[in-house]
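Asker: Sharing coords.cif here; it has mmCIF, C-alpha atoms and all ligand atoms.
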data_work
loop_
_atom_site.group_PDB
_atom_site.id
_atom_site.type_symbol
_atom_site.label_atom_id
_atom_site.label_comp_id
_atom_site.auth_asym_id
_atom_site.auth_seq_id
_atom_site.Cartn_x
_atom_site.Cartn_y
_atom_site.Cartn_z
ATOM 1 C CA MET Y 1 -21.155 -3.154 -5.593
ATOM 2 C CA ASN Y 2 -21.217 -0.315 -3.057
ATOM 3 C CA PRO Y 3 -20.872 3.043 -4.901
ATOM 4 C CA ASN Y 4 -19.268 4.652 -1.828
ATOM 5 C CA TYR Y 5 -16.189 2.490 -2.155
ATOM 6 C CA TYR Y 6 -13.122 3.231 -4.271
ATOM 7 C CA ILE Y 7 -11.784 -0.295 -3.759
ATOM 8 C CA GLU Y 8 -14.098 -3.165 -2.901
ATOM 9 C CA PHE Y 9 -13.861 -6.933 -2.435
ATOM 10 C CA GLU Y 10 -17.124 -8.796 -2.819
ATOM 11 C CA ASP Y 11 -17.065 -12.351 -1.472
ATOM 12 C CA VAL Y 12 -13.665 -13.211 -2.985
ATOM 13 C CA TYR Y 13 -12.404 -16.795 -2.990
ATOM 14 C CA LYS Y 14 -8.883 -17.733 -4.054
ATOM 15 C CA SER Y 15 -7.033 -21.042 -3.816
ATOM 16 C CA PHE Y 16 -3.597 -22.130 -4.955
ATOM 17 C CA GLY Y 17 -3.848 -25.823 -5.730
ATOM 18 C CA ASP Y 18 -5.679 -27.314 -2.774
ATOM 19 C CA LYS Y 19 -4.700 -24.448 -0.468
ATOM 20 C CA ALA Y 20 -7.673 -22.123 0.101
ATOM 21 C CA VAL Y 21 -6.163 -18.697 0.877
ATOM 22 C CA LEU Y 22 -9.169 -16.349 0.579
ATOM 23 C CA ARG Y 23 -12.496 -17.855 1.619
ATOM 24 C CA GLY Y 24 -15.179 -15.251 1.101
ATOM 25 C CA VAL Y 25 -13.402 -11.940 1.667
ATOM 26 C CA SER Y 26 -15.490 -8.746 1.583
ATOM 27 C CA PHE Y 27 -14.464 -5.226 2.553
ATOM 28 C CA GLY Y 28 -14.278 -1.789 1.029
ATOM 29 C CA ILE Y 29 -12.466 1.482 1.256
ATOM 30 C CA GLU Y 30 -13.768 4.943 0.464
ATOM 31 C CA ARG Y 31 -11.860 7.419 -1.651
ATOM 32 C CA GLY Y 32 -9.331 9.364 0.442
ATOM 33 C CA GLN Y 33 -9.326 6.874 3.283
ATOM 34 C CA THR Y 34 -6.623 4.573 4.603
ATOM 35 C CA LEU Y 35 -7.383 0.923 5.222
ATOM 36 C CA ALA Y 36 -5.009 -1.295 7.166
ATOM 37 C CA VAL Y 37 -5.105 -4.982 6.280
ATOM 38 C CA LEU Y 38 -3.937 -6.857 9.355
ATOM 39 C CA GLY Y 39 -3.273 -10.522 10.018
ATOM 40 C CA ARG Y 40 -0.602 -13.110 10.673
ATOM 41 C CA SER Y 41 2.055 -14.013 8.124
ATOM 42 C CA GLY Y 42 0.739 -16.226 5.368
ATOM 43 C CA THR Y 43 -2.935 -15.261 5.757
ATOM 44 C CA GLY Y 44 -3.190 -13.772 2.282
ATOM 45 C CA LYS Y 45 -2.531 -10.067 2.797
ATOM 46 C CA SER Y 46 -0.189 -9.773 -0.186
ATOM 47 C CA VAL Y 47 -2.601 -11.922 -2.189
ATOM 48 C CA VAL Y 48 -5.297 -9.300 -1.442
ATOM 49 C CA LEU Y 49 -3.071 -6.507 -2.799
ATOM 50 C CA SER Y 50 -2.292 -8.480 -5.961
ATOM 51 C CA HIS Y 51 -6.024 -8.826 -6.640
ATOM 52 C CA ILE Y 52 -6.519 -5.057 -6.459
ATOM 53 C CA ILE Y 53 -4.262 -4.426 -9.464
ATOM 54 C CA GLY Y 54 -5.313 -7.588 -11.244
ATOM 55 C CA LEU Y 55 -2.043 -9.514 -10.871
ATOM 56 C CA LEU Y 56 -4.237 -12.292 -9.490
ATOM 57 C CA LYS Y 57 -7.858 -13.084 -10.373
ATOM 58 C CA PRO Y 58 -10.394 -14.468 -7.897
ATOM 59 C CA ASP Y 59 -11.722 -18.006 -8.342
ATOM 60 C CA SER Y 60 -15.083 -16.467 -7.512
ATOM 61 C CA GLY Y 61 -16.336 -13.134 -6.218
ATOM 62 C CA ARG Y 62 -15.504 -9.691 -7.594
ATOM 63 C CA VAL Y 63 -12.972 -6.914 -7.027
ATOM 64 C CA PHE Y 64 -13.811 -3.320 -7.932
ATOM 65 C CA VAL Y 65 -11.506 -0.323 -8.325
ATOM 66 C CA ALA Y 66 -12.857 3.142 -9.145
ATOM 67 C CA GLY Y 67 -16.159 1.699 -10.325
ATOM 68 C CA GLU Y 68 -14.622 -0.953 -12.604
ATOM 69 C CA GLU Y 69 -14.640 -4.661 -12.003
ATOM 70 C CA VAL Y 70 -10.875 -5.304 -12.191
ATOM 71 C CA SER Y 71 -11.404 -9.017 -11.744
ATOM 72 C CA ALA Y 72 -13.040 -9.031 -15.203
ATOM 73 C CA LEU Y 73 -10.675 -6.728 -17.120
ATOM 74 C CA SER Y 74 -8.264 -7.597 -19.939
ATOM 75 C CA GLU Y 75 -4.497 -7.041 -19.520
ATOM 76 C CA ALA Y 76 -4.727 -3.865 -21.635
ATOM 77 C CA ALA Y 77 -7.488 -2.439 -19.453
ATOM 78 C CA LEU Y 78 -5.558 -3.426 -16.328
ATOM 79 C CA MET Y 79 -2.627 -1.268 -17.442
ATOM 80 C CA LYS Y 80 -4.930 1.732 -17.040
ATOM 81 C CA VAL Y 81 -5.924 0.626 -13.545
ATOM 82 C CA ARG Y 82 -2.243 0.236 -12.650
ATOM 83 C CA ARG Y 83 -1.653 3.858 -13.586
ATOM 84 C CA LYS Y 84 -4.322 4.851 -11.060
ATOM 85 C CA VAL Y 85 -3.342 2.402 -8.337
ATOM 86 C CA SER Y 86 0.293 1.781 -7.539
ATOM 87 C CA LEU Y 87 1.579 -1.185 -5.547
ATOM 88 C CA ILE Y 88 4.710 -0.577 -3.506
ATOM 89 C CA PHE Y 89 6.358 -3.939 -3.014
ATOM 90 C CA GLN Y 90 7.972 -4.915 0.256
ATOM 91 C CA SER Y 91 11.336 -5.150 -1.505
ATOM 92 C CA GLY Y 92 10.941 -1.639 -2.922
ATOM 93 C CA ALA Y 93 11.869 -3.086 -6.340
ATOM 94 C CA LEU Y 94 14.082 -0.148 -7.298
ATOM 95 C CA PHE Y 95 16.357 -0.280 -10.338
ATOM 96 C CA ASP Y 96 19.758 -0.833 -8.730
ATOM 97 C CA SER Y 97 21.847 0.551 -11.567
ATOM 98 C CA MET Y 98 19.851 3.796 -11.858
ATOM 99 C CA THR Y 99 20.319 6.751 -9.541
ATOM 100 C CA ILE Y 100 17.528 7.619 -7.153
ATOM 101 C CA GLY Y 101 16.614 10.594 -9.324
ATOM 102 C CA GLU Y 102 16.388 8.339 -12.382
ATOM 103 C CA ASN Y 103 14.302 5.827 -10.449
ATOM 104 C CA ILE Y 104 11.818 8.540 -9.515
ATOM 105 C CA ALA Y 105 11.794 9.997 -13.039
ATOM 106 C CA PHE Y 106 11.119 6.587 -14.570
ATOM 107 C CA PRO Y 107 7.290 6.724 -14.363
ATOM 108 C CA LEU Y 108 7.426 10.223 -15.871
ATOM 109 C CA TYR Y 109 9.419 8.958 -18.881
ATOM 110 C CA GLU Y 110 7.022 6.074 -19.175
ATOM 111 C CA ARG Y 111 4.041 8.400 -19.304
ATOM 112 C CA HIS Y 112 5.689 10.449 -22.090
ATOM 113 C CA LEU Y 113 6.400 7.256 -23.978
ATOM 114 C CA HIS Y 114 2.786 6.278 -23.612
ATOM 115 C CA GLN Y 115 1.507 9.674 -24.761
ATOM 116 C CA ARG Y 116 4.178 9.827 -27.492
ATOM 117 C CA THR Y 117 5.433 13.197 -26.210
ATOM 118 C CA ARG Y 118 8.988 14.326 -25.578
ATOM 119 C CA PRO Y 119 10.036 14.770 -21.968
ATOM 120 C CA ASP Y 120 11.730 18.042 -21.124
ATOM 121 C CA ASP Y 121 14.734 17.421 -18.870
ATOM 122 C CA GLU Y 122 14.303 20.557 -16.794
ATOM 123 C CA THR Y 123 10.643 19.856 -16.052
ATOM 124 C CA LEU Y 124 11.497 16.290 -15.112
ATOM 125 C CA GLU Y 125 14.313 17.366 -12.812
ATOM 126 C CA ALA Y 126 12.069 19.933 -11.147
ATOM 127 C CA LYS Y 127 9.399 17.283 -10.606
ATOM 128 C CA VAL Y 128 11.919 14.864 -9.093
ATOM 129 C CA ARG Y 129 13.215 17.618 -6.782
ATOM 130 C CA GLU Y 130 9.663 18.490 -5.754
ATOM 131 C CA ILE Y 131 8.880 14.873 -4.859
ATOM 132 C CA LEU Y 132 12.168 14.430 -2.972
ATOM 133 C CA ALA Y 133 11.471 17.588 -0.977
ATOM 134 C CA MET Y 134 7.939 16.473 -0.177
ATOM 135 C CA LEU Y 135 9.298 13.190 1.112
ATOM 136 C CA GLU Y 136 12.023 15.000 3.044
ATOM 137 C CA LEU Y 137 14.598 12.844 1.321
ATOM 138 C CA GLY Y 138 17.008 15.730 0.724
ATOM 139 C CA GLU Y 139 19.975 15.604 -1.632
ATOM 140 C CA VAL Y 140 19.862 11.977 -2.655
ATOM 141 C CA ALA Y 141 18.968 12.259 -6.346
ATOM 142 C CA ALA Y 142 22.512 11.405 -7.487
ATOM 143 C CA LEU Y 143 22.957 8.432 -5.155
ATOM 144 C CA LEU Y 144 22.381 4.805 -6.034
ATOM 145 C CA PRO Y 145 19.706 2.856 -4.109
ATOM 146 C CA ALA Y 146 22.438 0.714 -2.495
ATOM 147 C CA GLU Y 147 23.740 3.829 -0.743
ATOM 148 C CA LEU Y 148 20.528 4.193 1.293
ATOM 149 C CA ALA Y 149 19.359 2.180 4.292
ATOM 150 C CA THR Y 150 16.173 0.110 3.985
ATOM 151 C CA GLY Y 151 13.953 2.898 5.323
ATOM 152 C CA GLY Y 152 15.342 5.319 2.748
ATOM 153 C CA LYS Y 153 14.834 2.805 -0.055
ATOM 154 C CA ARG Y 154 11.212 2.371 1.019
ATOM 155 C CA ARG Y 155 10.705 6.117 0.820
ATOM 156 C CA VAL Y 156 12.284 6.239 -2.644
ATOM 157 C CA ALA Y 157 9.908 3.458 -3.726
ATOM 158 C CA ILE Y 158 7.020 5.608 -2.467
ATOM 159 C CA ALA Y 159 8.502 8.613 -4.300
ATOM 160 C CA ARG Y 160 8.678 6.648 -7.536
ATOM 161 C CA ALA Y 161 5.058 5.539 -7.145
ATOM 162 C CA LEU Y 162 4.007 9.154 -6.516
ATOM 163 C CA ALA Y 163 5.685 10.354 -9.694
ATOM 164 C CA ALA Y 164 2.998 8.490 -11.622
ATOM 165 C CA GLU Y 165 0.376 10.642 -9.841
ATOM 166 C CA PRO Y 166 -1.771 7.732 -8.710
ATOM 167 C CA GLU Y 167 -5.182 7.966 -7.048
ATOM 168 C CA ALA Y 168 -4.352 5.171 -4.642
ATOM 169 C CA LEU Y 169 -1.246 3.600 -3.147
ATOM 170 C CA LEU Y 170 -0.963 0.052 -1.870
ATOM 171 C CA TYR Y 171 1.804 -0.541 0.660
ATOM 172 C CA ASP Y 172 3.007 -4.060 1.389
ATOM 173 C CA GLU Y 173 4.515 -4.168 4.896
ATOM 174 C CA PRO Y 174 6.008 -0.669 4.728
ATOM 175 C CA THR Y 175 7.515 -0.813 8.225
ATOM 176 C CA THR Y 176 8.834 -4.376 8.265
ATOM 177 C CA MET Y 177 12.625 -4.669 8.580
ATOM 178 C CA VAL Y 178 13.230 -0.996 9.295
ATOM 179 C CA ASP Y 179 14.153 0.542 12.637
ATOM 180 C CA PRO Y 180 11.424 2.256 14.712
ATOM 181 C CA LEU Y 181 12.492 5.755 13.722
ATOM 182 C CA ALA Y 182 12.431 4.946 10.016
ATOM 183 C CA ALA Y 183 9.074 3.218 10.537
ATOM 184 C CA ARG Y 184 7.734 6.366 12.091
ATOM 185 C CA VAL Y 185 8.919 8.514 9.206
ATOM 186 C CA ILE Y 186 7.220 6.177 6.727
ATOM 187 C CA CYS Y 187 3.944 6.182 8.676
ATOM 188 C CA LYS Y 188 3.952 9.967 8.897
ATOM 189 C CA LEU Y 189 4.495 10.076 5.171
ATOM 190 C CA ILE Y 190 1.521 7.785 4.508
ATOM 191 C CA ARG Y 191 -0.593 10.079 6.668
ATOM 192 C CA LYS Y 192 0.695 13.208 4.939
ATOM 193 C CA LEU Y 193 -0.154 11.846 1.495
ATOM 194 C CA GLN Y 194 -3.669 11.236 2.716
ATOM 195 C CA SER Y 195 -4.181 14.631 4.325
ATOM 196 C CA GLN Y 196 -2.449 16.731 1.637
ATOM 197 C CA PHE Y 197 -3.457 14.898 -1.530
ATOM 198 C CA GLY Y 198 -6.479 12.885 -0.483
ATOM 199 C CA MET Y 199 -4.606 9.715 -1.413
ATOM 200 C CA THR Y 200 -6.559 6.499 -0.950
ATOM 201 C CA SER Y 201 -4.290 3.923 0.690
ATOM 202 C CA VAL Y 202 -4.223 0.275 1.626
ATOM 203 C CA VAL Y 203 -1.507 -0.606 4.118
ATOM 204 C CA VAL Y 204 -0.736 -4.266 4.674
ATOM 205 C CA THR Y 205 0.986 -4.754 7.982
ATOM 206 C CA HIS Y 206 1.178 -6.874 11.087
ATOM 207 C CA ASP Y 207 2.304 -3.850 13.002
ATOM 208 C CA ILE Y 208 -0.520 -2.158 14.889
ATOM 209 C CA ALA Y 209 1.524 -0.094 17.320
ATOM 210 C CA PHE Y 210 3.917 1.602 14.938
ATOM 211 C CA CYS Y 211 1.842 1.678 11.816
ATOM 212 C CA ALA Y 212 -1.874 0.858 11.712
ATOM 213 C CA ARG Y 213 -2.633 2.853 14.824
ATOM 214 C CA ARG Y 214 -1.077 5.937 13.249
ATOM 215 C CA VAL Y 215 -2.342 5.743 9.703
ATOM 216 C CA ALA Y 216 -5.525 3.707 9.429
ATOM 217 C CA ASP Y 217 -9.095 4.951 9.355
ATOM 218 C CA GLN Y 218 -10.456 1.469 8.787
ATOM 219 C CA VAL Y 219 -9.131 -2.009 9.433
ATOM 220 C CA ALA Y 220 -9.762 -5.371 7.826
ATOM 221 C CA PHE Y 221 -8.361 -8.181 9.968
ATOM 222 C CA LEU Y 222 -7.789 -11.397 8.019
ATOM 223 C CA ASN Y 223 -7.567 -14.835 9.550
ATOM 224 C CA GLU Y 224 -7.731 -18.219 7.885
ATOM 225 C CA GLY Y 225 -9.081 -16.751 4.691
ATOM 226 C CA LYS Y 226 -11.844 -14.720 6.287
ATOM 227 C CA VAL Y 227 -12.283 -11.143 7.468
ATOM 228 C CA VAL Y 228 -12.787 -11.536 11.221
ATOM 229 C CA PHE Y 229 -13.076 -7.798 11.790
ATOM 230 C CA PHE Y 230 -13.836 -4.932 9.427
ATOM 231 C CA GLY Y 231 -14.497 -1.519 10.895
ATOM 232 C CA PRO Y 232 -12.987 1.696 12.245
ATOM 233 C CA MET Y 233 -9.418 1.397 13.580
ATOM 234 C CA ASN Y 234 -10.363 2.637 17.052
ATOM 235 C CA GLU Y 235 -12.934 -0.152 17.443
ATOM 236 C CA ILE Y 236 -10.331 -2.886 17.106
ATOM 237 C CA TYR Y 237 -9.595 -2.599 20.813
ATOM 238 C CA GLN Y 238 -13.131 -3.820 21.620
ATOM 239 C CA VAL Y 239 -13.169 -6.794 19.255
ATOM 240 C CA THR Y 240 -13.927 -10.050 21.068
ATOM 241 C CA ASP Y 241 -12.346 -12.410 18.523
ATOM 242 C CA PRO Y 242 -9.537 -14.074 20.540
ATOM 243 C CA LEU Y 243 -6.870 -13.779 17.824
ATOM 244 C CA VAL Y 244 -7.609 -10.084 17.272
ATOM 245 C CA GLN Y 245 -7.438 -9.532 21.049
ATOM 246 C CA LYS Y 246 -4.084 -11.295 21.278
ATOM 247 C CA PHE Y 247 -2.741 -9.310 18.373
ATOM 248 C CA VAL Y 248 -3.812 -6.023 19.906
ATOM 249 C CA GLN Y 249 -2.561 -6.925 23.408
ATOM 250 C CA TYR Y 250 0.785 -8.200 22.230
ATOM 251 C CA ASP Y 251 1.246 -5.118 20.134
ATOM 252 C CA ALA Y 252 0.259 -2.840 23.005
ATOM 253 C CA VAL Y 253 3.011 -4.404 25.111
ATOM 254 C CA SER Y 254 5.683 -3.728 22.522
ATOM 255 C CA PHE Y 255 4.261 -0.266 21.960
ATOM 256 C CA ASN Y 256 4.379 0.727 25.615
ATOM 257 C CA THR Y 257 7.868 -0.585 26.145
ATOM 258 C CA THR Y 258 9.532 0.728 23.016
ATOM 259 C CA MET Y 259 7.852 3.949 21.974
ATOM 260 C CA PRO Y 260 8.087 7.355 23.560
ATOM 261 C CA LYS Y 261 4.641 8.770 24.273
ATOM 262 C CA SER Y 262 3.455 11.305 21.733
HETATM 263 N N1 LIG D 1 1.359 -17.008 -6.643
HETATM 264 C C1 LIG D 1 1.178 -17.914 -5.684
HETATM 265 N N2 LIG D 1 1.192 -19.241 -5.948
HETATM 266 C C2 LIG D 1 0.985 -20.158 -4.997
HETATM 267 N N3 LIG D 1 0.776 -19.864 -3.692
HETATM 268 C C3 LIG D 1 0.755 -18.564 -3.352
HETATM 269 C C4 LIG D 1 0.957 -17.521 -4.326
HETATM 270 N N4 LIG D 1 0.886 -16.340 -3.698
HETATM 271 C C5 LIG D 1 0.650 -16.622 -2.398
HETATM 272 N N5 LIG D 1 0.575 -17.944 -2.195
HETATM 273 C C6 LIG D 1 0.281 -18.601 -0.895
HETATM 274 O O1 LIG D 1 -0.824 -17.927 -0.313
HETATM 275 C C7 LIG D 1 -0.650 -17.824 1.085
HETATM 276 C C8 LIG D 1 -0.787 -16.382 1.504
HETATM 277 O O2 LIG D 1 0.313 -15.655 1.018
HETATM 278 P P1 LIG D 1 0.536 -14.103 1.264
HETATM 279 O O3 LIG D 1 -0.598 -13.332 0.716
HETATM 280 O O4 LIG D 1 1.873 -13.809 0.693
HETATM 281 O O5 LIG D 1 0.553 -14.005 2.851
HETATM 282 P P2 LIG D 1 0.848 -12.696 3.741
HETATM 283 O O6 LIG D 1 -0.385 -12.491 4.573
HETATM 284 O O7 LIG D 1 2.012 -13.063 4.624
HETATM 285 O O8 LIG D 1 1.137 -11.570 2.819
HETATM 286 C C9 LIG D 1 0.700 -18.421 1.408
HETATM 287 O O9 LIG D 1 0.507 -19.740 1.858
HETATM 288 C C10 LIG D 1 1.415 -18.406 0.083
HETATM 289 O O10 LIG D 1 2.328 -19.455 0.009
HETATM 290 MG MG MG D 2 2.870 -10.536 2.475
#
Please, can you express the file's structure as structure tokens?
Answerer:
Amino acid sequence: MNPNYYIEFEDVYKSFGDKAVLRGVSFGIERGQTLAVLGRSGTGKSVVLSHIIGLLKPDSGRVFVAGEEVSALSEAALMKVRRKVSLIFQSGALFDSMTIGENIAFPLYERHLHQRTRPDDETLEAKVREILAMLELGEVAALLPAELATGGKRRVAIARALAAEPEALLYDEPTTMVDPLAARVICKLIRKLQSQFGMTSVVVTHDIAFCARRVADQVAFLNEGKVVFFGPMNEIYQVTDPLVQKFVQYDAVSFNTTMPKS
């Protein structure tokens, strides 16, 4: 275990049946940093995120979060880890029948329930307003999730995760299936949470141009169950691995043809 890391994978192997998905994965991320996990579809990026909050356990190897070996914790102990580290699913997983305000307030109610204290409506409302303002979501508290576009729903999912005051956020494909402008807003938000609150983040994406390039300090590039590159984001352009090169080149093409320079 490397004490500098907030989240660390140490030689993790994971198979489903006879399909080996992770074959000796090691990487780490320091507190307050953003790591992008890159790779093609089906290489195990979401599987990596599930290991961080203990939804999956390695066949061998170890996963550490905030100094604890999550891969060895009981369900009860994992609940504590999940209050520190929040996974934002690709689907957003909002409660459809609750308003956006109620969705965001949900983790706050949950915390009161846990601490056996009574929530005070005004404090809760103020907190929800504060989070909405921070996310530049505006006057949407009374709307239902269905009334927002995908990009808006993603931001509400981030807002709900933030309400739990986590130390780290895990984003699964935050910019997939949203338009470039919405993607940009989401990436800026990820960056802002890092710079203003020192949030530690893991961003799973196959989008270098719109996302990783803007938010990541470090990158772990997964291919066929192994980390083929782990290092600073700006060094990815010099990597000689042919798949990484293709990925970067292909992405550069789409970047140059679709994004205004900034
Ligand atoms: N719970 C599971 N049970 C069986 N197979 C799984 C499970 N989760 C993921 N897989 C398989 O692991 C591989 C990697 O999946 P995933 O991590 O979702 O890829 P991606 O990099 O696209 O996020 C896929 O072949 C997927 O079918
Ligand atoms: Mg995935």
Asker: Show me which residues are within 12 Å of ligand MG 2 (chain D) counting all atoms listed in the file, and format the list as a VMD selection string.
Answerer: chain Y and resid 37 to 50 88 to 91 171 to 174 176 203 to 206
Asker: Since I can't run it myself right now, could you work out what the PyMOL selection byres (((chain Y and resi 22-26) around 7) and not hetatm) selects here and report it as a list in words?
Answerer: Phe9, Glu10, Asp11, Val12, Tyr13, Lys14, Ser15, Ala20, Val21, Phe27, Gly44, Gly225, Lys226 and Val227 of chain Y
Asker: Please enclose the listed atoms of ligand LIG 1 (chain D) in an axis-aligned box, pad each side by 8 Å, and write out the centre and the three edge lengths in Å, rounded to one decimal, as JSON.
Answerer:
{"center_x": 0.8, "center_y": -15.9, "center_z": -1.0, "size_x": 19.2, "size_y": 24.6, "size_z": 27.3}
Asker: Of the candidates Y:Arg160, Y:Lys57, Y:Arg214, Y:Arg31, which one gets nearest to ligand LIG 1 (chain D) if we count only C-alpha atoms and all ligand atoms?
Answerer: Y:Lys57
Asker: Quote the spacing between CA of Asp241 (chain Y) and CA of Phe221 (chain Y) in Å to one decimal place.
Answerer: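 CA of Asp241 (chain Y) sits 10.3 Å away from CA of Phe221 (chain Y).
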Asker: Choose the residue, out of Y:Leu135, Y:Val219, Y:Leu55, Y:Ala168, that has the smallest atom-to-atom separation from ligand LIG 1 (chain D); count only C-alpha atoms and all ligand atoms.
Answerer: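 Closest candidate: Y:Leu55.
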Asker: Excluding same-chain residues fewer than 5 positions from Tyr109 (chain Y), what lies within 9 Å of it counting all atoms listed in the file, as a PyMOL selection string?
Answerer: chain Y and resi 114+118-119+124
Asker: Can those selected residues be exported to a file as a PDB file, in the frame of the given file so that it contains C-alpha atoms?
Answerer:
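out-v2.pdb, written as the output of this step:
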ATOM      1  CA  HIS Y 114       2.786   6.278 -23.612  1.00  0.00           C
ATOM      2  CA  ARG Y 118       8.988  14.326 -25.578  1.00  0.00           C
ATOM      3  CA  PRO Y 119      10.036  14.770 -21.968  1.00  0.00           C
ATOM      4  CA  LEU Y 124      11.497  16.290 -15.112  1.00  0.00           C
TER       5      LEU Y 124
END
Asker: Have a look at CA of Gly231 (chain Y) and CA of Ser201 (chain Y) and let me know their distance in Å, one decimal.
Answerer: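 If I compute the distance from CA of Gly231 (chain Y) to CA of Ser201 (chain Y), I get 15.4 Å.
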Asker: If you measure from CA of Ser86 (chain Y) to CA of Leu169 (chain Y), what distance in Å do you get, rounded to one decimal?
Answerer: 5.0 Å
Asker: Check which residues satisfy the PyMOL selection byres (((chain Y and resi 190-199) around 6) and not hetatm) in the file shown, then give them as a PDB file with C-alpha atoms, in the frame of the given file.
Answerer:
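So the final result, stored in out.pdb, reads:
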ATOM      1  CA  GLY Y  32      -9.331   9.364   0.442  1.00  0.00           C
ATOM      2  CA  GLU Y 167      -5.182   7.966  -7.048  1.00  0.00           C
ATOM      3  CA  ALA Y 168      -4.352   5.171  -4.642  1.00  0.00           C
ATOM      4  CA  CYS Y 187       3.944   6.182   8.676  1.00  0.00           C
ATOM      5  CA  LYS Y 188       3.952   9.967   8.897  1.00  0.00           C
ATOM      6  CA  LEU Y 189       4.495  10.076   5.171  1.00  0.00           C
ATOM      7  CA  THR Y 200      -6.559   6.499  -0.950  1.00  0.00           C
ATOM      8  CA  VAL Y 215      -2.342   5.743   9.703  1.00  0.00           C
TER       9      VAL Y 215
END
Asker: Give as a PyMOL selection string the residues that the PyMOL selection byres (((chain Y and resi 29) around 10) and not hetatm) matches when applied to the coordinates above.
Answerer: chain Y and resi 2+4-9+27-28+30-36+65+200-202+217-220
Asker: Nearest to ligand LIG 1 (chain D): which of Y:Ala126, Y:Leu170, Y:Leu108, Y:Leu222 is it, counting all atoms listed in the file?
Answerer: Y:Leu222
Asker: Between Y:Ile131, Y:Leu56, Y:Met1, Y:Ala141, which residue has the minimum interatomic distance to ligand LIG 1 (chain D), considering all atoms listed in the file?
Answerer: Y:Leu56
Asker: For a quick check of understanding, using all atoms listed in the file, which of Y:Val248, Y:Ala105, Y:Ala216, Y:Val156 has the smallest distance to Ala93 (chain Y)?
Answerer: Y:Val156
Asker: Given all atoms listed in the file as the basis, pick out the residue of Y:Lys80, Y:Asn103, Y:Asn223, Y:Ala209 nearest to ligand LIG 1 (chain D).
Answerer: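 Closest to ligand LIG 1 (chain D) of all the choices is Y:Asn223.
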Asker: Residues within 12 Å of Arg129 (chain Y), please, as a PyMOL selection string. Count all atoms listed in the file; anything in the same chain fewer than 6 positions from it doesn't count.
Answerer: chain Y and resi 100-102+104-105+122-123+135-142+159-160+163
Asker: Can you give me N, CA and C atoms for region 217-228 of chain Y, written as a PDB file, in the coordinates of the input?
Answerer:
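What ended up in selection-v7.pdb:
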ATOM      1  N   ASP Y 217      -7.733   4.577   8.981  1.00  0.00           N
ATOM      2  CA  ASP Y 217      -9.095   4.951   9.355  1.00  0.00           C
ATOM      3  C   ASP Y 217      -9.891   3.689   9.609  1.00  0.00           C
ATOM      4  N   GLN Y 218      -9.713   2.723   8.714  1.00  0.00           N
ATOM      5  CA  GLN Y 218     -10.456   1.469   8.787  1.00  0.00           C
ATOM      6  C   GLN Y 218      -9.480   0.302   8.835  1.00  0.00           C
ATOM      7  N   VAL Y 219      -9.962  -0.814   9.345  1.00  0.00           N
ATOM      8  CA  VAL Y 219      -9.131  -2.009   9.433  1.00  0.00           C
ATOM      9  C   VAL Y 219      -9.903  -3.213   8.911  1.00  0.00           C
ATOM     10  N   ALA Y 220      -9.215  -4.048   8.149  1.00  0.00           N
ATOM     11  CA  ALA Y 220      -9.762  -5.371   7.826  1.00  0.00           C
ATOM     12  C   ALA Y 220      -8.773  -6.373   8.405  1.00  0.00           C
ATOM     13  N   PHE Y 221      -9.237  -7.199   9.326  1.00  0.00           N
ATOM     14  CA  PHE Y 221      -8.361  -8.181   9.968  1.00  0.00           C
ATOM     15  C   PHE Y 221      -8.650  -9.538   9.341  1.00  0.00           C
ATOM     16  N   LEU Y 222      -7.619 -10.120   8.718  1.00  0.00           N
ATOM     17  CA  LEU Y 222      -7.789 -11.397   8.019  1.00  0.00           C
ATOM     18  C   LEU Y 222      -7.297 -12.539   8.895  1.00  0.00           C
ATOM     19  N   ASN Y 223      -8.066 -13.611   8.923  1.00  0.00           N
ATOM     20  CA  ASN Y 223      -7.567 -14.835   9.550  1.00  0.00           C
ATOM     21  C   ASN Y 223      -8.175 -16.051   8.870  1.00  0.00           C
ATOM     22  N   GLU Y 224      -7.309 -16.979   8.546  1.00  0.00           N
ATOM     23  CA  GLU Y 224      -7.731 -18.219   7.885  1.00  0.00           C
ATOM     24  C   GLU Y 224      -8.698 -17.956   6.733  1.00  0.00           C
ATOM     25  N   GLY Y 225      -8.324 -16.978   5.918  1.00  0.00           N
ATOM     26  CA  GLY Y 225      -9.081 -16.751   4.691  1.00  0.00           C
ATOM     27  C   GLY Y 225     -10.335 -15.920   4.840  1.00  0.00           C
ATOM     28  N   LYS Y 226     -10.623 -15.507   6.092  1.00  0.00           N
ATOM     29  CA  LYS Y 226     -11.844 -14.720   6.287  1.00  0.00           C
ATOM     30  C   LYS Y 226     -11.530 -13.388   6.976  1.00  0.00           C
ATOM     31  N   VAL Y 227     -12.416 -12.423   6.778  1.00  0.00           N
ATOM     32  CA  VAL Y 227     -12.283 -11.143   7.468  1.00  0.00           C
ATOM     33  C   VAL Y 227     -12.965 -11.290   8.818  1.00  0.00           C
ATOM     34  N   VAL Y 228     -12.178 -11.344   9.902  1.00  0.00           N
ATOM     35  CA  VAL Y 228     -12.787 -11.536  11.221  1.00  0.00           C
ATOM     36  C   VAL Y 228     -13.185 -10.215  11.865  1.00  0.00           C
TER      37      VAL Y 228
END
